[in-house]
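Q: mmCIF, C-alpha atoms, saved as protein_14.cif, coming up:
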```cif
data_start
loop_
_atom_site.label_atom_id
_atom_site.label_comp_id
_atom_site.auth_asym_id
_atom_site.auth_seq_id
_atom_site.Cartn_x
_atom_site.Cartn_y
_atom_site.Cartn_z
CA MET V 1 6.18 10.07 -15.08
CA THR V 2 2.60 10.08 -13.85
CA ILE V 3 1.48 8.20 -10.73
CA THR V 4 -2.27 7.76 -10.23
CA TYR V 5 -3.67 6.52 -6.94
CA ILE V 6 -6.61 4.26 -7.67
CA GLN V 7 -7.84 2.57 -4.50
CA HIS V 8 -6.40 1.05 -1.30
CA SER V 9 -3.01 -0.27 -2.56
CA GLY V 10 -3.76 0.21 -6.26
CA PHE V 11 -1.63 2.55 -8.38
CA LEU V 12 -0.97 3.17 -12.05
CA ALA V 13 2.55 4.32 -12.95
CA GLU V 14 2.88 5.64 -16.51
CA THR V 15 6.41 5.91 -17.88
CA GLU V 16 7.55 6.86 -21.35
CA HIS V 17 6.98 3.37 -22.75
CA ALA V 18 4.96 1.45 -20.15
CA LEU V 19 1.82 1.38 -18.04
CA LEU V 20 2.47 -0.36 -14.72
CA LEU V 21 -0.68 -1.25 -12.78
CA PHE V 22 -0.20 -2.46 -9.20
CA ASP V 23 -2.71 -4.36 -7.02
CA PHE V 24 -5.79 -3.17 -8.89
CA ILE V 25 -9.03 -4.41 -7.31
CA GLY V 26 -11.37 -1.67 -8.51
CA GLY V 27 -11.75 2.08 -8.45
CA PRO V 28 -11.35 4.88 -10.99
CA LEU V 29 -8.88 3.55 -13.55
CA PRO V 30 -7.69 6.35 -15.86
CA GLY V 31 -7.48 5.99 -19.62
CA LEU V 32 -4.81 3.56 -20.78
CA ASP V 33 -2.67 4.66 -23.73
CA PRO V 34 -3.13 1.87 -26.33
CA GLU V 35 0.34 2.59 -27.73
CA LYS V 36 2.01 1.55 -24.49
CA ASP V 37 2.47 -1.94 -23.05
CA LEU V 38 0.34 -2.61 -19.98
CA VAL V 39 1.98 -4.65 -17.21
CA ILE V 40 -0.31 -5.67 -14.34
CA PHE V 41 1.12 -6.73 -10.98
CA ALA V 42 -0.60 -8.55 -8.11
CA SER V 43 1.50 -8.86 -4.97
CA HIS V 44 -0.49 -11.67 -3.34
CA ARG V 45 -3.83 -13.44 -3.21
CA HIS V 46 -5.64 -11.41 -0.52
CA GLU V 47 -8.81 -9.88 -1.93
CA ASP V 48 -7.69 -6.35 -1.09
CA HIS V 49 -4.69 -6.83 -3.43
CA PHE V 50 -5.82 -9.29 -6.11
CA SER V 51 -9.04 -9.42 -8.11
CA PRO V 52 -9.79 -11.56 -11.19
CA LYS V 53 -11.23 -8.41 -12.77
CA ILE V 54 -7.67 -7.54 -13.87
CA PHE V 55 -8.04 -10.12 -16.63
CA GLU V 56 -11.00 -8.22 -18.06
CA LEU V 57 -8.57 -5.48 -19.10
CA ALA V 58 -7.16 -7.77 -21.80
CA ALA V 59 -10.31 -7.21 -23.87
CA ARG V 60 -9.52 -3.51 -24.23
CA HIS V 61 -5.73 -3.55 -24.09
CA PRO V 62 -4.14 -6.34 -26.16
CA ARG V 63 -0.53 -5.40 -25.31
CA ILE V 64 -0.79 -6.85 -21.82
CA THR V 65 1.35 -8.86 -19.40
CA PHE V 66 0.37 -10.13 -15.94
CA ILE V 67 2.99 -10.59 -13.23
CA LEU V 68 1.51 -12.42 -10.26
CA SER V 69 2.91 -13.60 -6.96
CA ASP V 70 3.25 -17.38 -6.96
CA ASP V 71 0.86 -17.70 -4.00
CA ILE V 72 -1.98 -16.87 -6.44
CA TRP V 73 -3.38 -20.14 -7.75
CA GLN V 74 -2.93 -20.72 -11.46
CA ASN V 75 -6.58 -21.72 -11.80
CA ARG V 76 -7.51 -18.09 -11.00
CA VAL V 77 -6.06 -17.11 -14.38
CA PRO V 78 -8.34 -17.52 -17.44
CA GLU V 79 -6.89 -20.02 -19.89
CA ALA V 80 -6.75 -17.38 -22.61
CA GLN V 81 -4.44 -15.26 -20.43
CA LEU V 82 -2.04 -17.94 -19.21
CA SER V 83 0.37 -17.26 -22.06
CA HIS V 84 0.49 -13.60 -20.97
CA THR V 85 1.10 -14.43 -17.28
CA ARG V 86 4.31 -14.85 -15.32
CA PHE V 87 4.43 -16.02 -11.71
CA VAL V 88 7.19 -14.81 -9.39
CA GLY V 89 8.32 -15.84 -5.94
CA PRO V 90 10.61 -14.19 -3.38
CA GLY V 91 14.15 -13.75 -4.64
CA SER V 92 13.27 -14.10 -8.32
CA THR V 93 14.08 -11.61 -11.07
CA LEU V 94 12.36 -11.27 -14.44
CA THR V 95 13.61 -9.34 -17.44
CA LEU V 96 10.88 -8.61 -19.97
CA PRO V 97 11.06 -6.96 -23.41
CA CYS V 98 7.70 -5.18 -23.00
CA GLY V 99 7.52 -1.51 -22.08
CA GLY V 100 10.91 -0.77 -23.61
CA GLY V 101 12.53 -3.35 -21.33
CA ILE V 102 11.46 -3.99 -17.74
CA THR V 103 13.22 -5.78 -14.90
CA VAL V 104 11.17 -7.05 -11.94
CA THR V 105 12.77 -8.19 -8.68
CA ALA V 106 10.56 -9.81 -6.04
CA PHE V 107 11.17 -9.66 -2.29
CA ARG V 108 9.56 -11.76 0.43
CA SER V 109 6.55 -10.26 2.18
CA THR V 110 6.13 -10.41 5.95
CA ASP V 111 2.53 -11.46 5.24
CA GLU V 112 1.68 -13.20 1.94
CA GLY V 113 3.33 -13.03 -1.45
CA VAL V 114 5.94 -10.55 -2.57
CA ALA V 115 6.97 -6.92 -2.89
CA PHE V 116 7.97 -5.68 -6.36
CA MET V 117 10.95 -3.58 -7.42
CA VAL V 118 10.37 -2.60 -11.04
CA GLN V 119 13.02 -0.96 -13.20
CA ALA V 120 11.52 0.77 -16.23
CA ASP V 121 12.59 3.74 -18.37
CA GLY V 122 15.49 4.52 -16.05
CA ARG V 123 13.35 4.61 -12.91
CA ALA V 124 13.08 2.20 -9.98
CA ILE V 125 9.51 1.83 -8.72
CA TYR V 126 8.84 -0.12 -5.53
CA HIS V 127 5.45 -1.51 -4.50
CA ALA V 128 5.55 -3.13 -1.06
CA GLY V 129 2.39 -5.23 -1.30
CA ASP V 130 2.06 -6.39 2.31
CA LEU V 131 5.77 -6.25 3.14
CA ASN V 132 5.59 -4.19 6.32
CA ASP V 133 6.45 -4.25 9.99
CA TRP V 134 3.07 -5.64 11.05
CA GLN V 135 3.43 -5.23 14.81
CA TRP V 136 0.17 -5.01 16.71
CA THR V 137 -0.86 -3.69 20.09
CA GLY V 138 -1.89 -6.70 22.15
CA GLU V 139 0.33 -9.25 20.42
CA PRO V 140 3.01 -10.96 22.54
CA VAL V 141 6.36 -9.18 22.62
CA SER V 142 7.98 -12.26 21.09
CA TRP V 143 5.58 -12.17 18.11
CA ASN V 144 6.21 -8.47 17.47
CA ASN V 145 9.96 -8.90 17.84
CA ASN V 146 9.95 -11.71 15.30
CA MET V 147 7.90 -9.61 12.88
CA HIS V 148 10.34 -6.72 13.24
CA ALA V 149 13.34 -8.98 12.65
CA ASN V 150 11.78 -10.46 9.50
CA TYR V 151 10.94 -7.03 8.14
CA MET V 152 14.38 -5.58 8.79
CA ARG V 153 16.00 -8.65 7.22
CA GLU V 154 14.07 -8.08 4.00
CA LEU V 155 14.85 -4.37 3.97
CA ALA V 156 18.52 -5.28 4.30
CA ARG V 157 18.19 -7.48 1.23
CA ILE V 158 16.73 -4.57 -0.73
CA ARG V 159 19.53 -2.28 0.41
CA GLU V 160 22.24 -4.87 -0.28
CA ALA V 161 20.87 -5.32 -3.80
CA GLY V 162 21.65 -1.65 -4.36
CA PHE V 163 18.09 -0.41 -4.72
CA VAL V 164 17.06 3.09 -3.67
CA PRO V 165 13.72 3.49 -5.47
CA ASP V 166 12.75 6.72 -7.15
CA ILE V 167 9.13 5.92 -6.23
CA ALA V 168 8.02 3.82 -3.24
CA MET V 169 4.46 2.77 -2.42
CA LEU V 170 4.41 1.80 1.25
CA PRO V 171 1.74 0.67 3.76
CA LEU V 172 0.48 3.09 6.40
CA ASP V 173 -2.25 1.23 8.25
CA GLY V 174 -4.19 2.86 11.07
CA ARG V 175 -5.30 -0.51 12.42
CA GLN V 176 -1.84 -0.73 14.00
CA GLU V 177 -2.81 2.18 16.27
CA GLU V 178 0.29 3.87 17.72
CA LEU V 179 2.50 1.40 15.84
CA PHE V 180 1.21 2.56 12.44
CA SER V 181 4.37 4.53 11.61
CA LEU V 182 6.89 1.72 12.10
CA GLY V 183 7.17 0.15 8.67
CA LEU V 184 7.29 3.33 6.60
CA ASP V 185 9.81 4.99 8.89
CA GLU V 186 12.05 1.91 8.96
CA PHE V 187 11.93 1.69 5.18
CA MET V 188 13.02 5.31 4.78
CA ARG V 189 15.83 4.96 7.31
CA THR V 190 17.10 1.63 5.93
CA VAL V 191 16.46 1.86 2.18
CA GLY V 192 15.16 5.35 1.38
CA ALA V 193 13.21 6.61 -1.62
CA GLY V 194 12.93 9.74 -3.74
CA THR V 195 9.14 10.02 -3.46
CA VAL V 196 6.77 8.06 -1.20
CA PHE V 197 3.10 7.24 -1.74
CA PRO V 198 1.45 5.85 1.41
CA MET V 199 -1.11 3.10 0.76
CA HIS V 200 -3.20 0.46 2.57
CA LEU V 201 -4.93 3.37 4.30
CA TRP V 202 -8.44 1.85 4.32
CA GLY V 203 -9.73 5.24 3.17
CA ASP V 204 -8.26 7.21 6.09
CA TYR V 205 -6.14 9.77 4.25
CA SER V 206 -5.66 11.78 7.45
CA LEU V 207 -3.05 9.20 8.46
CA ILE V 208 -0.63 10.71 5.95
CA ARG V 209 -0.65 14.15 7.57
CA LYS V 210 -0.55 12.53 11.01
CA PHE V 211 2.53 10.57 10.01
CA LYS V 212 4.27 13.59 8.46
CA ALA V 213 3.81 15.50 11.72
CA LEU V 214 5.72 12.88 13.72
CA PRO V 215 9.29 13.73 14.79
CA CYS V 216 10.56 10.54 13.11
CA ALA V 217 9.54 11.90 9.70
CA SER V 218 11.47 15.16 10.02
CA ASP V 219 14.31 14.07 7.71
CA TYR V 220 12.07 13.05 4.81
CA ARG V 221 8.54 14.41 5.28
CA GLY V 222 8.88 16.55 2.15
CA ARG V 223 9.17 13.38 0.07
CA ILE V 224 5.83 11.97 1.21
CA GLN V 225 2.93 12.71 -1.13
CA GLU V 226 -0.44 13.57 0.41
CA ILE V 227 -3.11 11.45 -1.23
CA GLN V 228 -6.57 12.93 -0.70
CA ALA V 229 -8.90 10.94 -2.96
CA GLU V 230 -9.21 8.01 -5.33
CA GLY V 231 -8.19 8.86 -8.87
CA GLN V 232 -5.71 11.54 -7.82
CA SER V 233 -2.72 11.90 -10.18
CA PHE V 234 0.77 13.20 -9.49
CA GLN V 235 3.26 14.45 -12.11
CA LEU V 236 6.85 13.61 -11.21
#
```
Once you've parsed the file, please lay out its structure as C-alpha coordinates.
A:
Amino acid sequence: MTITYIQHSGFLAETEHALLLFDFIGGPLPGLDPEKDLVIFASHRHEDHFSPKIFELAARHPRITFILSDDIWQNRVPEAQLSHTRFVGPGSTLTLPCGGGITVTAFRSTDEGVAFMVQADGRAIYHAGDLNDWQWTGEPVSWNNNMHANYMRELARIREAGFVPDIAMLPLDGRQEELFSLGLDEFMRTVGAGTVFPMHLWGDYSLIRKFKALPCASDYRGRIQEIQAEGQSFQL
(Lines of atoms letter the chains of each structure in order from A and count residues from 1; the text may use other names and numbers.)
(Lines give C-alpha, C1' and ligand atoms only; values in the text may rest on other atoms or scores of the structure.)
Protein backbone atom coordinates (compact mmCIF):
# COMPACT_ATOMS: atom_id res chain seq x y z
CA MET A 1 0.00 0.00 0.00
CA THR A 2 1.14 3.53 -0.76
CA ILE A 3 0.01 6.55 1.27
CA THR A 4 0.69 9.98 -0.23
CA TYR A 5 0.27 13.12 1.83
CA ILE A 6 -1.14 15.83 -0.40
CA GLN A 7 -2.06 18.91 1.62
CA HIS A 8 -3.55 19.78 5.03
CA SER A 9 -5.89 16.79 5.61
CA GLY A 10 -5.65 15.41 2.07
CA PHE A 11 -4.24 11.93 1.44
CA LEU A 12 -4.25 9.38 -1.35
CA ALA A 13 -4.23 5.72 -0.29
CA GLU A 14 -3.47 3.29 -3.11
CA THR A 15 -4.35 -0.35 -2.48
CA GLU A 16 -4.16 -3.29 -4.85
CA HIS A 17 -7.48 -2.49 -6.51
CA ALA A 18 -8.46 1.03 -5.39
CA LEU A 19 -7.41 4.66 -5.17
CA LEU A 20 -8.87 6.29 -2.06
CA LEU A 21 -8.62 10.09 -2.04
CA PHE A 22 -9.51 11.84 1.23
CA ASP A 23 -10.38 15.54 1.74
CA PHE A 24 -8.59 16.77 -1.38
CA ILE A 25 -8.69 20.56 -1.73
CA GLY A 26 -5.56 21.05 -3.82
CA GLY A 27 -1.88 20.28 -3.78
CA PRO A 28 0.40 17.86 -5.63
CA LEU A 29 -1.85 14.97 -6.64
CA PRO A 30 0.23 12.01 -7.90
CA GLY A 31 -0.60 10.08 -11.04
CA LEU A 32 -3.79 8.05 -10.79
CA ASP A 33 -3.68 4.52 -12.19
CA PRO A 34 -6.50 4.42 -14.79
CA GLU A 35 -6.94 0.69 -14.20
CA LYS A 36 -8.03 1.25 -10.61
CA ASP A 37 -11.32 2.62 -9.30
CA LEU A 38 -11.03 6.09 -7.77
CA VAL A 39 -13.12 6.73 -4.66
CA ILE A 40 -13.12 10.33 -3.40
CA PHE A 41 -14.15 11.15 0.17
CA ALA A 42 -15.09 14.52 1.67
CA SER A 43 -15.61 14.47 5.43
CA HIS A 44 -17.55 17.74 5.69
CA ARG A 45 -18.29 21.04 4.02
CA HIS A 46 -15.55 23.25 5.51
CA GLU A 47 -13.37 24.68 2.76
CA ASP A 48 -10.22 23.14 4.22
CA HIS A 49 -11.78 19.67 3.71
CA PHE A 50 -14.11 19.99 0.71
CA SER A 51 -13.57 21.66 -2.65
CA PRO A 52 -15.74 21.38 -5.78
CA LYS A 53 -12.52 20.82 -7.72
CA ILE A 54 -12.80 17.12 -6.82
CA PHE A 55 -15.47 16.81 -9.51
CA GLU A 56 -12.99 17.95 -12.15
CA LEU A 57 -11.18 14.64 -11.68
CA ALA A 58 -14.06 12.83 -13.39
CA ALA A 59 -12.88 14.20 -16.75
CA ARG A 60 -9.61 12.27 -16.49
CA HIS A 61 -10.69 9.27 -14.43
CA PRO A 62 -14.02 7.77 -15.54
CA ARG A 63 -14.05 4.97 -12.93
CA ILE A 64 -14.96 7.35 -10.13
CA THR A 65 -17.20 7.41 -7.05
CA PHE A 66 -17.75 10.31 -4.64
CA ILE A 67 -18.61 9.65 -0.99
CA LEU A 68 -19.61 12.88 0.72
CA SER A 69 -20.75 13.73 4.21
CA ASP A 70 -24.45 14.58 4.21
CA ASP A 71 -23.75 18.10 5.53
CA ILE A 72 -22.45 18.95 2.02
CA TRP A 73 -25.32 20.42 0.03
CA GLN A 74 -26.42 18.37 -2.95
CA ASN A 75 -26.39 21.47 -5.15
CA ARG A 76 -22.58 21.55 -4.77
CA VAL A 77 -22.44 18.39 -6.89
CA PRO A 78 -22.53 18.85 -10.69
CA GLU A 79 -25.60 17.19 -12.19
CA ALA A 80 -23.43 14.95 -14.33
CA GLN A 81 -21.80 13.51 -11.18
CA LEU A 82 -24.90 12.96 -9.04
CA SER A 83 -25.24 9.37 -10.23
CA HIS A 84 -21.66 8.74 -9.06
CA THR A 85 -22.20 10.32 -5.62
CA ARG A 86 -23.28 8.81 -2.33
CA PHE A 87 -24.02 10.85 0.79
CA VAL A 88 -23.37 9.39 4.24
CA GLY A 89 -24.27 10.50 7.74
CA PRO A 90 -23.06 9.41 11.18
CA GLY A 91 -23.77 5.77 11.91
CA SER A 92 -24.27 4.76 8.29
CA THR A 93 -22.43 2.00 6.44
CA LEU A 94 -22.00 1.62 2.69
CA THR A 95 -20.86 -1.47 0.83
CA LEU A 96 -19.68 -0.72 -2.69
CA PRO A 97 -18.55 -3.06 -5.48
CA CYS A 98 -15.87 -0.66 -6.75
CA GLY A 99 -12.21 -1.14 -5.88
CA GLY A 100 -12.62 -4.88 -5.44
CA GLY A 101 -15.27 -4.30 -2.78
CA ILE A 102 -15.18 -1.45 -0.26
CA THR A 103 -17.07 -0.94 2.99
CA VAL A 104 -17.37 2.57 4.43
CA THR A 105 -18.53 3.24 8.00
CA ALA A 106 -19.16 6.83 9.07
CA PHE A 107 -18.77 8.15 12.61
CA ARG A 108 -20.01 11.45 14.04
CA SER A 109 -17.55 14.32 14.08
CA THR A 110 -17.15 16.58 17.10
CA ASP A 111 -17.23 19.47 14.61
CA GLU A 112 -19.02 19.05 11.26
CA GLY A 113 -19.70 15.96 9.19
CA VAL A 114 -18.19 12.54 9.67
CA ALA A 115 -15.05 10.47 10.08
CA PHE A 116 -14.53 7.56 7.67
CA MET A 117 -13.49 3.97 8.38
CA VAL A 118 -12.81 2.36 5.01
CA GLN A 119 -12.21 -1.37 4.57
CA ALA A 120 -10.49 -2.16 1.29
CA ASP A 121 -8.20 -4.98 0.13
CA GLY A 122 -8.00 -6.42 3.63
CA ARG A 123 -6.97 -3.14 5.25
CA ALA A 124 -8.86 -0.75 7.52
CA ILE A 125 -8.08 2.90 6.77
CA TYR A 126 -9.39 5.61 9.09
CA HIS A 127 -9.65 9.30 8.18
CA ALA A 128 -10.83 11.41 11.11
CA GLY A 129 -11.99 14.49 9.21
CA ASP A 130 -12.59 16.90 12.09
CA LEU A 131 -13.40 14.24 14.70
CA ASN A 132 -11.02 15.36 17.43
CA ASP A 133 -10.91 16.51 21.03
CA TRP A 134 -11.17 20.20 20.16
CA GLN A 135 -10.45 21.66 23.59
CA TRP A 136 -9.12 25.19 23.58
CA THR A 137 -7.19 27.32 26.02
CA GLY A 138 -9.54 30.08 27.14
CA GLU A 139 -12.79 28.17 26.65
CA PRO A 140 -14.93 27.55 29.76
CA VAL A 141 -14.16 24.33 31.61
CA SER A 142 -17.72 23.16 30.97
CA TRP A 143 -17.30 23.60 27.20
CA ASN A 144 -14.02 21.67 27.14
CA ASN A 145 -15.43 18.93 29.34
CA ASN A 146 -18.40 18.51 27.03
CA MET A 147 -16.10 18.35 24.00
CA HIS A 148 -13.98 15.69 25.68
CA ALA A 149 -17.04 13.62 26.59
CA ASN A 150 -18.37 13.77 23.03
CA TYR A 151 -15.02 12.75 21.59
CA MET A 152 -14.52 9.84 23.96
CA ARG A 153 -18.07 8.65 23.29
CA GLU A 154 -17.36 8.45 19.57
CA LEU A 155 -14.04 6.70 20.11
CA ALA A 156 -15.89 4.14 22.22
CA ARG A 157 -18.25 3.54 19.30
CA ILE A 158 -15.28 2.89 17.02
CA ARG A 159 -13.76 0.49 19.53
CA GLU A 160 -17.06 -1.28 20.19
CA ALA A 161 -17.51 -1.79 16.44
CA GLY A 162 -14.28 -3.80 16.54
CA PHE A 163 -12.15 -1.45 14.47
CA VAL A 164 -8.41 -1.12 15.02
CA PRO A 165 -7.30 0.59 11.79
CA ASP A 166 -4.14 -0.41 9.99
CA ILE A 167 -3.78 3.23 8.91
CA ALA A 168 -5.14 6.25 10.82
CA MET A 169 -5.06 9.87 9.67
CA LEU A 170 -5.55 12.03 12.75
CA PRO A 171 -5.61 15.79 13.50
CA LEU A 172 -2.65 17.40 15.24
CA ASP A 173 -3.45 21.10 15.37
CA GLY A 174 -1.03 23.60 16.88
CA ARG A 175 -3.79 26.18 17.32
CA GLN A 176 -4.79 24.21 20.43
CA GLU A 177 -1.49 25.27 22.02
CA GLU A 178 -0.57 22.96 24.93
CA LEU A 179 -3.76 20.96 24.32
CA PHE A 180 -2.68 19.97 20.79
CA SER A 181 -1.78 16.40 21.77
CA LEU A 182 -5.09 15.42 23.35
CA GLY A 183 -7.06 13.96 20.46
CA LEU A 184 -4.29 11.88 18.89
CA ASP A 185 -3.15 10.48 22.22
CA GLU A 186 -6.71 9.60 23.27
CA PHE A 187 -7.31 7.88 19.95
CA MET A 188 -4.21 5.72 20.33
CA ARG A 189 -5.04 4.79 23.91
CA THR A 190 -8.72 4.07 23.22
CA VAL A 191 -8.75 2.65 19.68
CA GLY A 192 -5.15 2.27 18.50
CA ALA A 193 -3.74 1.99 14.98
CA GLY A 194 -0.92 0.24 13.17
CA THR A 195 0.43 3.39 11.49
CA VAL A 196 -0.52 7.02 12.14
CA PHE A 197 -0.34 9.98 9.78
CA PRO A 198 -0.85 13.31 11.57
CA MET A 199 -2.83 15.89 9.59
CA HIS A 200 -4.56 19.28 9.96
CA LEU A 201 -1.11 20.69 10.71
CA TRP A 202 -1.58 24.01 8.87
CA GLY A 203 1.89 23.48 7.39
CA ASP A 204 3.68 23.15 10.74
CA TYR A 205 5.32 19.74 10.34
CA SER A 206 7.47 20.35 13.44
CA LEU A 207 4.40 19.49 15.51
CA ILE A 208 4.88 15.82 14.66
CA ARG A 209 8.34 15.62 16.20
CA LYS A 210 7.17 17.73 19.13
CA PHE A 211 4.33 15.30 19.74
CA LYS A 212 6.54 12.22 19.43
CA ALA A 213 8.86 13.65 22.10
CA LEU A 214 6.05 13.87 24.67
CA PRO A 215 5.99 11.24 27.44
CA CYS A 216 2.41 10.31 26.49
CA ALA A 217 3.60 9.04 23.10
CA SER A 218 6.21 6.66 24.51
CA ASP A 219 4.12 3.53 23.92
CA TYR A 220 3.44 4.21 20.24
CA ARG A 221 5.78 6.92 18.91
CA GLY A 222 7.37 4.44 16.49
CA ARG A 223 4.03 4.11 14.70
CA ILE A 224 3.75 7.83 13.92
CA GLN A 225 4.99 8.80 10.47
CA GLU A 226 6.92 12.06 10.12
CA ILE A 227 5.46 14.05 7.25
CA GLN A 228 7.90 16.69 6.02
CA ALA A 229 6.39 18.06 2.80
CA GLU A 230 3.42 18.00 0.46
CA GLY A 231 3.55 15.16 -2.02
CA GLN A 232 5.53 12.86 0.27
CA SER A 233 4.78 9.15 -0.22
CA PHE A 234 5.12 6.26 2.20
CA GLN A 235 5.32 2.56 1.27
CA LEU A 236 3.62 0.32 3.83
Q: Could you list, as a VMD selection string, every residue within 8 Å of segment 182-185 of chain V, counting all atoms listed in the file and ignoring same-chain residues fewer than 6 positions away?
A: chain V and resid 132 to 134 170 to 172 216 to 217
Q: Can those selected residues be exported to a file as a short mmCIF file (atom, residue, chain, number, x, y, z; two decimals), in the frame of the given file so that it contains C-alpha atoms?
A:
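In the end it all went to again_0.cif:
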```cif
data_model
loop_
_atom_site.label_atom_id
_atom_site.label_comp_id
_atom_site.auth_asym_id
_atom_site.auth_seq_id
_atom_site.Cartn_x
_atom_site.Cartn_y
_atom_site.Cartn_z
CA ASN V 132 5.59 -4.19 6.32
CA ASP V 133 6.45 -4.25 9.99
CA TRP V 134 3.07 -5.64 11.05
CA LEU V 170 4.41 1.80 1.25
CA PRO V 171 1.74 0.67 3.76
CA LEU V 172 0.48 3.09 6.40
CA CYS V 216 10.56 10.54 13.11
CA ALA V 217 9.54 11.90 9.70
#
```
Q: For the structure provided, state which residues fall under the PyMOL selection byres ((chain V and resi 127) around 7), and present them as a list in words.
A: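 Output from the PyMOL selection byres ((chain V and resi 127) around 7), applied to this file: Ala115, Phe116, Met117, Ile125, Tyr126, Ala128, Gly129, Ala168, Met169 and Leu170 of chain V.
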Q: Can you measure atom CA of Thr110 of chain V to atom CA of Pro215 of chain V for me? One decimal in Å is fine.
A: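 A separation of 25.9 Å between them.
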Q: Please evaluate the PyMOL selection byres ((chain V and resi 67) around 6) against the structure above and give the resulting residues as a list of chain:residue names.
A: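 Applying the PyMOL selection byres ((chain V and resi 67) around 6) to the structure shown produces V:Phe41, V:Phe66, V:Leu68, V:Thr85, V:Arg86, V:Phe87.
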Q: Counting only C-alpha atoms, which residue out of V:Ala229, V:Ile64, V:Pro165, V:Asp48 sits closest to Pro28 of chain V?
A: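 Going through V:Ala229, V:Ile64, V:Pro165, V:Asp48 one by one, the smallest distance to Pro28 of chain V is for V:Ala229.
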Q: Could you tell me how far atom CA of Gly138 of chain V sits from atom CA of Gln176 of chain V, in Å to one decimal place?
A: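 Between these atoms lies a distance of 10.1 Å.
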Q: As a check of understanding, name the residues that the PyMOL selection byres ((chain V and resi 201-210) around 10) selects in the supplied structure, as number ranges by chain.
A: V: 7-9, 48, 170-175, 180-181, 197-200, 211-214, 221, 224-230
Q: Rebuild segment 73-107 of chain V so that it carries N, CA and C atoms, then output the result as a short mmCIF file (atom, residue, chain, number, x, y, z; two decimals), in the frame of the given file.
A:
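Written file, part_10.cif:
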```
data_model
loop_
_atom_site.label_atom_id
_atom_site.label_comp_id
_atom_site.auth_asym_id
_atom_site.auth_seq_id
_atom_site.Cartn_x
_atom_site.Cartn_y
_atom_site.Cartn_z
N TRP V 73 -3.20 -18.86 -7.07
CA TRP V 73 -3.38 -20.14 -7.75
C TRP V 73 -3.53 -19.95 -9.26
N GLN V 74 -2.89 -20.82 -10.00
CA GLN V 74 -2.93 -20.72 -11.46
C GLN V 74 -4.35 -20.82 -12.00
N ASN V 75 -5.22 -21.56 -11.29
CA ASN V 75 -6.58 -21.72 -11.80
C ASN V 75 -7.41 -20.44 -11.66
N ARG V 76 -6.84 -19.39 -11.03
CA ARG V 76 -7.51 -18.09 -11.00
C ARG V 76 -7.30 -17.31 -12.30
N VAL V 77 -6.38 -17.79 -13.13
CA VAL V 77 -6.06 -17.11 -14.38
C VAL V 77 -6.85 -17.74 -15.53
N PRO V 78 -7.61 -16.96 -16.28
CA PRO V 78 -8.34 -17.52 -17.44
C PRO V 78 -7.36 -18.18 -18.41
N GLU V 79 -7.78 -19.28 -18.99
CA GLU V 79 -6.89 -20.02 -19.89
C GLU V 79 -6.35 -19.14 -21.01
N ALA V 80 -7.18 -18.24 -21.50
CA ALA V 80 -6.75 -17.38 -22.61
C ALA V 80 -5.64 -16.43 -22.21
N GLN V 81 -5.46 -16.20 -20.89
CA GLN V 81 -4.44 -15.26 -20.43
C GLN V 81 -3.20 -15.93 -19.84
N LEU V 82 -3.19 -17.25 -19.80
CA LEU V 82 -2.04 -17.94 -19.21
C LEU V 82 -0.75 -17.65 -19.97
N SER V 83 -0.82 -17.52 -21.27
CA SER V 83 0.37 -17.26 -22.06
C SER V 83 0.90 -15.84 -21.85
N HIS V 84 0.08 -14.98 -21.24
CA HIS V 84 0.49 -13.60 -20.97
C HIS V 84 0.85 -13.40 -19.50
N THR V 85 0.93 -14.50 -18.73
CA THR V 85 1.10 -14.43 -17.28
C THR V 85 2.42 -15.03 -16.85
N ARG V 86 3.10 -14.33 -15.95
CA ARG V 86 4.31 -14.85 -15.32
C ARG V 86 4.10 -14.85 -13.81
N PHE V 87 4.51 -15.92 -13.16
CA PHE V 87 4.43 -16.02 -11.71
C PHE V 87 5.82 -15.82 -11.11
N VAL V 88 5.90 -15.06 -10.02
CA VAL V 88 7.19 -14.81 -9.39
C VAL V 88 7.11 -15.11 -7.90
N GLY V 89 8.21 -15.59 -7.36
CA GLY V 89 8.32 -15.84 -5.94
C GLY V 89 9.43 -15.00 -5.35
N PRO V 90 9.57 -14.98 -4.03
CA PRO V 90 10.61 -14.19 -3.38
C PRO V 90 12.00 -14.55 -3.90
N GLY V 91 12.79 -13.54 -4.18
CA GLY V 91 14.15 -13.75 -4.64
C GLY V 91 14.31 -13.90 -6.13
N SER V 92 13.20 -13.91 -6.88
CA SER V 92 13.27 -14.10 -8.32
C SER V 92 13.36 -12.76 -9.04
N THR V 93 13.95 -12.79 -10.23
CA THR V 93 14.08 -11.61 -11.07
C THR V 93 13.63 -11.96 -12.48
N LEU V 94 12.81 -11.11 -13.06
CA LEU V 94 12.36 -11.27 -14.44
C LEU V 94 12.85 -10.09 -15.27
N THR V 95 13.30 -10.39 -16.48
CA THR V 95 13.61 -9.34 -17.44
C THR V 95 12.71 -9.54 -18.64
N LEU V 96 11.91 -8.50 -18.93
CA LEU V 96 10.88 -8.61 -19.97
C LEU V 96 11.14 -7.57 -21.05
N PRO V 97 10.85 -7.92 -22.31
CA PRO V 97 11.06 -6.96 -23.41
C PRO V 97 9.97 -5.89 -23.50
N CYS V 98 8.82 -6.12 -22.88
CA CYS V 98 7.70 -5.18 -23.00
C CYS V 98 8.05 -3.86 -22.32
N GLY V 99 7.34 -2.81 -22.70
CA GLY V 99 7.52 -1.51 -22.08
C GLY V 99 8.90 -0.92 -22.27
N GLY V 100 9.57 -1.27 -23.36
CA GLY V 100 10.91 -0.77 -23.61
C GLY V 100 11.98 -1.49 -22.82
N GLY V 101 11.59 -2.58 -22.15
CA GLY V 101 12.53 -3.35 -21.33
C GLY V 101 12.29 -3.09 -19.85
N ILE V 102 11.81 -4.11 -19.15
CA ILE V 102 11.46 -3.99 -17.74
C ILE V 102 12.13 -5.12 -16.96
N THR V 103 12.67 -4.78 -15.81
CA THR V 103 13.22 -5.78 -14.90
C THR V 103 12.42 -5.75 -13.61
N VAL V 104 11.99 -6.92 -13.15
CA VAL V 104 11.17 -7.05 -11.94
C VAL V 104 11.92 -7.93 -10.95
N THR V 105 12.16 -7.41 -9.76
CA THR V 105 12.77 -8.19 -8.68
C THR V 105 11.75 -8.32 -7.56
N ALA V 106 11.57 -9.55 -7.07
CA ALA V 106 10.56 -9.81 -6.04
C ALA V 106 11.24 -10.06 -4.70
N PHE V 107 10.68 -9.48 -3.65
CA PHE V 107 11.17 -9.66 -2.29
C PHE V 107 10.08 -10.29 -1.43
#
```
